[in-house]
Structures are given as structure tokens and as C-alpha cells.
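The structure appears right after this line, and notes come after that.
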Amino acid sequence: MKLSKKILKTFSVIAMLAASMVVVACAAEDDDDEEGAITGSNNDYAIAFTNNSTSMYRAYHATFNKHLGGLCQITIDKNSTGEGSIGYIFDLEENPNRAVKDPRTLCIVGFNLGTSGIAKPYVSHYTNVTDIQADNFGTKLTENPAKETEYLKLGTMSINLADCEVEGKYVLTVDVNGKDNADYVVKIYKGKVEKAALATSTPVKTITIPKTDIYPNLAADKKIPQKAAAVYVNVFAGKTMKASWHYADTYAEAEVVEE
């Protein structure tokens with residue numbers, strides 16, 4: 001939707017004030033969640049949704065912007081294994097003035113829960129995404145398809161969710177950090193890992209996405225730009241997904257104010 005200059009100015013002020021905060025809520029004019037399945041704000045988001053249709057339900061909800069990743073704990077109800085996929089999107093182009101179908105780029109670290117009791121992680125970078133509801137973000141479209149670069153191919157590894165149990169639920173922790181590195185570094189952990197425990201915790205998988213892959217024209221002395229993040233879910237037809245996302249930390253660079 002179109003926003004007035006007054007509102008846009010207000011958003012700019014809010015963005016500047018929020019830059020010093022740990023978590024920044026995003027205006028997210030083009031969240032794609034037709035049923036409103038994902039709820040929440042700031043640090044915490046949740047879904048408790050039954051897909052009564054005959055096709056896959058896909059949704060994402062933007063969470064914060066001007067960041068370089070985050071420490072995200074994904075909690076899955078035991079009855080939701082085998083019900084779909086869940087994940088965390090980063091390096092997302094998020095602009096209140098963009099048209100919904102404008103091409104965008106994004107990265108995702110996700111977990112396929114298609115096999116009961118098993119999570120299959122995957123990490124990919126997508127370009128030319130015009131329809132987030134399309135299969136695999138539109139890579140299978142016959143006209144103007146999106147392009148996917150896989151850094152952790154789905155099916156390469158599996159995580160036994162029984163090894164991730166915390167207080168009767170399954171928890172997977174994802175740490176995506178581009179703040180202190182020239183590239184994005186993605187780490188996946190079993191169970192709940194807090195910020196203070198990162199240095200002493202061992203990930204089950206570490207993936208590096210070179211900045212030259214996603215920003216081939218970026219000068220060598222420049223860091224990757226800060227963009228938006230989002231939570232993402234797929235729910236199979238006739239299935240119910242109950243899960244939540246919690247941001248234990250987010251990573252942002254100080255804003256450079258030019259005179």
C-alpha cells in the first residue's frame with residue numbers, strides 16, 4: 001500500500017531510534033500469511049494452525065530489519081513432526097514501498113519435518129523471488145523462475161529430534177551471524193542454546209555463505225548490507241503445525257550517519 005510522506009518520515013525516525021535496540025519490529029508491508037497463521041512481535045512469534053486445504057500452506061512474517069542475522073530458537077510441538085517445514089529467513093529485501101511482486105533475494109535456514117521425529121536441515125540463497133507462495137519460492141515456475149543456490153542440500157543430513165528435547169518439546173537453535181565476519185556464517189545446534197553459551201556449544205553443522213556469492217559486485221573492503229529477517233513455515237495439507245520462534249539475540253552494525 002502507498003504511505004504518506006508524513007508516515008514514511010515517522011518510520012525513518014523509528015528506524016533510527018530502534019537501531020540501538022536488540023530487536024527491531026519491522027513494518028512488513030508485504031508479509032505473506034493469508035490466514036494470519038503466524039502471530040507475535042519483537043522477540044517472539046508462534047503458529048498454531050491447521051491447514052484444511054488440499055494444498056501446501058506457505059507463510060512468512062517479517063521480524064526485524066537492518067540486521068546481519070540473529071540467534072533464533074525454534075520450538076516444535078511433538079505432535080507437529082511430520083506436518084511440514086519451519087525456518088528462519090535472513091538477508092531479505094524488505095521495503096514498505098516495494099510492489100508485492102517485485103523480485104527480491106533472500107537466504108533461508110530451514111528444517112523439513114516431513115518424517116516424524118526427524119528434522120532435515122537445509123540452507124539456500126534465492127534470487128528473483130516474485131512469489132513466496134510458489135513451490136520452493138518459485139524456482140519451479142515456468143515463466144521467470146527464481147534461482148536457488150544450495151549451501152546445505154535438503155536430505156544431506158538428518159537430526160533426531162529426540163536429541164533436541166527441552167521440557168517436553170523439540171528445540172532447534174539457529175545462529176546466523178554476518179556482523180563480525182566478511183561472510184554469513186550459519187550454525188545449527190540441537191536443543192536451546194543461549195547467547196552466553198555459544199562459545200562453549202558445538203554446532204551439528206556450520207555453513208558459510210560467502211559475501212561474493214550473494215553480492216558479487218560488492219567492493220572487497222565493504223561489508224554485506226544489513227537487511228530484514230523473517231520467520232517462515234510450510235504446513236502440509238490436512239496437517240497442524242504448532243511451533244514458535246524466539247530471538248535470543250540479533251546482530252546489527254552501528255548505523256553510519258553521513259553529513
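Chain labels A, B, ... are given in the sequence in which chains occur in the C-alpha cells; within each chain residues are numbered consecutively from 1, and ligands are likewise numbered from 1 in the order shown.
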
From the DSSP assignment of the backbone, select every residue of region 23-157 of chain A that is helix (DSSP H, G or I), and format the answer as a list of chain:residue names.
->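 Written out, the helix (DSSP H, G or I) residues of region 23-157 of chain A are A:Lys78, A:Asn79, A:Ser80, A:Asp135, A:Asn136, A:Phe137, A:Gly138.
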
From a DSSP pass on the backbone, collect the residues of region 89-186 of chain A flagged as strand (DSSP E) and hand them back as an mmCIF file with N, CA and C atoms, in the first residue's frame.
```cif
data_model
loop_
_atom_site.group_PDB
_atom_site.id
_atom_site.type_symbol
_atom_site.label_atom_id
_atom_site.label_comp_id
_atom_site.auth_asym_id
_atom_site.auth_seq_id
_atom_site.Cartn_x
_atom_site.Cartn_y
_atom_site.Cartn_z
ATOM 1 N N ILE A 89 14.372 -16.864 7.842
ATOM 2 C CA ILE A 89 14.831 -16.173 6.644
ATOM 3 C C ILE A 89 15.708 -15.000 7.049
ATOM 4 N N PHE A 90 16.804 -14.791 6.325
ATOM 5 C CA PHE A 90 17.666 -13.640 6.572
ATOM 6 C C PHE A 90 18.144 -13.062 5.246
ATOM 7 N N ASP A 91 18.766 -11.884 5.322
ATOM 8 C CA ASP A 91 19.201 -11.160 4.127
ATOM 9 C C ASP A 91 18.022 -10.960 3.173
ATOM 10 N N LEU A 92 16.893 -10.587 3.738
ATOM 11 C CA LEU A 92 15.651 -10.417 2.986
ATOM 12 C C LEU A 92 15.464 -8.964 2.590
ATOM 13 N N ARG A 104 12.867 -10.198 -5.408
ATOM 14 C CA ARG A 104 13.657 -9.974 -4.206
ATOM 15 C C ARG A 104 14.616 -11.137 -4.019
ATOM 16 N N THR A 105 15.571 -10.954 -3.132
ATOM 17 C CA THR A 105 16.501 -12.019 -2.785
ATOM 18 C C THR A 105 16.323 -12.345 -1.309
ATOM 19 N N LEU A 106 16.719 -13.553 -0.927
ATOM 20 C CA LEU A 106 16.648 -13.961 0.468
ATOM 21 C C LEU A 106 17.509 -15.197 0.690
ATOM 22 N N CYS A 107 17.865 -15.425 1.944
ATOM 23 C CA CYS A 107 18.519 -16.662 2.359
ATOM 24 C C CYS A 107 17.631 -17.338 3.390
ATOM 25 N N ILE A 108 17.683 -18.642 3.460
ATOM 26 C CA ILE A 108 16.869 -19.370 4.435
ATOM 27 C C ILE A 108 17.668 -20.516 5.043
ATOM 28 N N VAL A 109 17.480 -20.694 6.340
ATOM 29 C CA VAL A 109 17.912 -21.923 7.004
ATOM 30 C C VAL A 109 16.634 -22.552 7.532
ATOM 31 N N GLY A 110 16.341 -23.741 7.047
ATOM 32 C CA GLY A 110 15.063 -24.353 7.365
ATOM 33 C C GLY A 110 15.213 -25.802 7.789
ATOM 34 N N PHE A 111 14.088 -26.349 8.257
ATOM 35 C CA PHE A 111 14.056 -27.745 8.705
ATOM 36 C C PHE A 111 12.810 -28.406 8.147
ATOM 37 N N ASN A 112 13.003 -29.431 7.355
ATOM 38 C CA ASN A 112 11.886 -30.210 6.845
ATOM 39 C C ASN A 112 11.483 -31.235 7.895
ATOM 40 N N ILE A 118 12.050 -36.578 12.885
ATOM 41 C CA ILE A 118 13.295 -36.228 12.201
ATOM 42 C C ILE A 118 13.186 -34.805 11.631
ATOM 43 N N ALA A 119 14.254 -34.034 11.764
ATOM 44 C CA ALA A 119 14.354 -32.724 11.113
ATOM 45 C C ALA A 119 15.497 -32.783 10.110
ATOM 46 N N LYS A 120 15.210 -32.378 8.876
ATOM 47 C CA LYS A 120 16.234 -32.366 7.832
ATOM 48 C C LYS A 120 16.551 -30.906 7.495
ATOM 49 N N PRO A 121 17.718 -30.411 7.924
ATOM 50 C CA PRO A 121 18.047 -29.002 7.696
ATOM 51 C C PRO A 121 18.466 -28.718 6.264
ATOM 52 N N TYR A 122 18.271 -27.472 5.853
ATOM 53 C CA TYR A 122 18.712 -27.023 4.536
ATOM 54 C C TYR A 122 19.021 -25.533 4.606
ATOM 55 N N VAL A 123 19.975 -25.104 3.793
ATOM 56 C CA VAL A 123 20.368 -23.694 3.736
ATOM 57 C C VAL A 123 20.512 -23.311 2.277
ATOM 58 N N SER A 124 19.801 -22.256 1.864
ATOM 59 C CA SER A 124 19.836 -21.841 0.461
ATOM 60 C C SER A 124 19.780 -20.319 0.336
ATOM 61 N N HIS A 125 20.234 -19.845 -0.814
ATOM 62 C CA HIS A 125 20.109 -18.444 -1.196
ATOM 63 C C HIS A 125 19.266 -18.378 -2.468
ATOM 64 N N TYR A 126 18.273 -17.486 -2.470
ATOM 65 C CA TYR A 126 17.367 -17.360 -3.609
ATOM 66 C C TYR A 126 17.451 -15.959 -4.208
ATOM 67 N N THR A 127 17.349 -15.905 -5.520
ATOM 68 C CA THR A 127 17.247 -14.629 -6.222
ATOM 69 C C THR A 127 16.024 -14.655 -7.130
ATOM 70 N N ASN A 128 15.565 -13.462 -7.491
ATOM 71 C CA ASN A 128 14.407 -13.306 -8.381
ATOM 72 C C ASN A 128 13.154 -13.985 -7.817
ATOM 73 N N VAL A 129 12.933 -13.844 -6.520
ATOM 74 C CA VAL A 129 11.742 -14.403 -5.890
ATOM 75 C C VAL A 129 10.589 -13.414 -6.071
ATOM 76 N N LYS A 147 15.857 -18.371 -8.733
ATOM 77 C CA LYS A 147 17.067 -19.193 -8.799
ATOM 78 C C LYS A 147 17.527 -19.521 -7.380
ATOM 79 N N GLU A 148 17.879 -20.788 -7.150
ATOM 80 C CA GLU A 148 18.321 -21.232 -5.837
ATOM 81 C C GLU A 148 19.768 -21.706 -5.887
ATOM 82 N N THR A 149 20.559 -21.248 -4.917
ATOM 83 C CA THR A 149 21.898 -21.783 -4.700
ATOM 84 C C THR A 149 21.878 -22.506 -3.360
ATOM 85 N N GLU A 150 22.166 -23.815 -3.368
ATOM 86 C CA GLU A 150 22.077 -24.632 -2.162
ATOM 87 C C GLU A 150 23.432 -24.713 -1.462
ATOM 88 N N TYR A 151 23.457 -24.383 -0.189
ATOM 89 C CA TYR A 151 24.669 -24.486 0.622
ATOM 90 C C TYR A 151 24.610 -25.699 1.543
ATOM 91 N N LEU A 152 23.412 -26.097 1.908
ATOM 92 C CA LEU A 152 23.184 -27.373 2.586
ATOM 93 C C LEU A 152 21.955 -27.971 1.933
ATOM 94 N N ILE A 159 18.521 -34.758 11.664
ATOM 95 C CA ILE A 159 18.675 -34.549 13.104
ATOM 96 C C ILE A 159 17.561 -35.309 13.810
ATOM 97 N N ASN A 160 17.934 -36.168 14.735
ATOM 98 C CA ASN A 160 16.952 -36.886 15.539
ATOM 99 C C ASN A 160 16.399 -35.922 16.581
ATOM 100 N N GLU A 165 15.156 -32.533 22.746
ATOM 101 C CA GLU A 165 14.003 -32.317 23.619
ATOM 102 C C GLU A 165 14.339 -31.403 24.796
ATOM 103 N N VAL A 166 13.479 -30.418 24.996
ATOM 104 C CA VAL A 166 13.592 -29.489 26.114
ATOM 105 C C VAL A 166 12.189 -29.281 26.686
ATOM 106 N N LYS A 169 9.245 -30.546 24.565
ATOM 107 C CA LYS A 169 9.140 -30.088 23.180
ATOM 108 C C LYS A 169 10.509 -30.201 22.524
ATOM 109 N N TYR A 170 10.527 -30.056 21.211
ATOM 110 C CA TYR A 170 11.788 -30.121 20.487
ATOM 111 C C TYR A 170 12.271 -28.714 20.175
ATOM 112 N N VAL A 171 13.560 -28.456 20.415
ATOM 113 C CA VAL A 171 14.125 -27.130 20.160
ATOM 114 C C VAL A 171 15.345 -27.253 19.257
ATOM 115 N N LEU A 172 15.354 -26.453 18.207
ATOM 116 C CA LEU A 172 16.497 -26.328 17.314
ATOM 117 C C LEU A 172 16.944 -24.871 17.351
ATOM 118 N N THR A 173 18.229 -24.642 17.518
ATOM 119 C CA THR A 173 18.748 -23.275 17.585
ATOM 120 C C THR A 173 19.560 -22.969 16.335
ATOM 121 N N VAL A 174 19.285 -21.820 15.753
ATOM 122 C CA VAL A 174 19.991 -21.365 14.558
ATOM 123 C C VAL A 174 20.709 -20.058 14.878
ATOM 124 N N ASP A 175 21.989 -20.006 14.582
ATOM 125 C CA ASP A 175 22.752 -18.773 14.755
ATOM 126 C C ASP A 175 23.264 -18.327 13.391
ATOM 127 N N VAL A 176 22.775 -17.197 12.921
ATOM 128 C CA VAL A 176 23.207 -16.627 11.646
ATOM 129 C C VAL A 176 23.914 -15.319 11.951
ATOM 130 N N ASN A 177 25.197 -15.240 11.624
ATOM 131 C CA ASN A 177 25.972 -14.065 12.004
ATOM 132 C C ASN A 177 26.806 -13.547 10.830
ATOM 133 N N TYR A 184 28.386 -14.527 5.662
ATOM 134 C CA TYR A 184 27.390 -15.051 6.595
ATOM 135 C C TYR A 184 27.858 -16.417 7.085
ATOM 136 N N VAL A 185 27.821 -16.628 8.393
ATOM 137 C CA VAL A 185 28.135 -17.928 8.977
ATOM 138 C C VAL A 185 26.879 -18.443 9.658
ATOM 139 N N VAL A 186 26.414 -19.622 9.232
ATOM 140 C CA VAL A 186 25.195 -20.236 9.764
ATOM 141 C C VAL A 186 25.589 -21.447 10.601
#
```

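What separates CA of Asn234 (chain A) from CA of Ala248 (chain A) is a distance of 23.1 Å.
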
For Leu113 (chain A), the nearest of the candidates A:Glu194, A:Glu83, A:Glu253, A:Asp131, counting only C-alpha atoms = A:Glu83

Can you work out the spacing between CA of Gly114 (chain A) and CA of Thr206 (chain A) in Å, to one decimal?
->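 CA of Gly114 (chain A) sits 22.6 Å away from CA of Thr206 (chain A).
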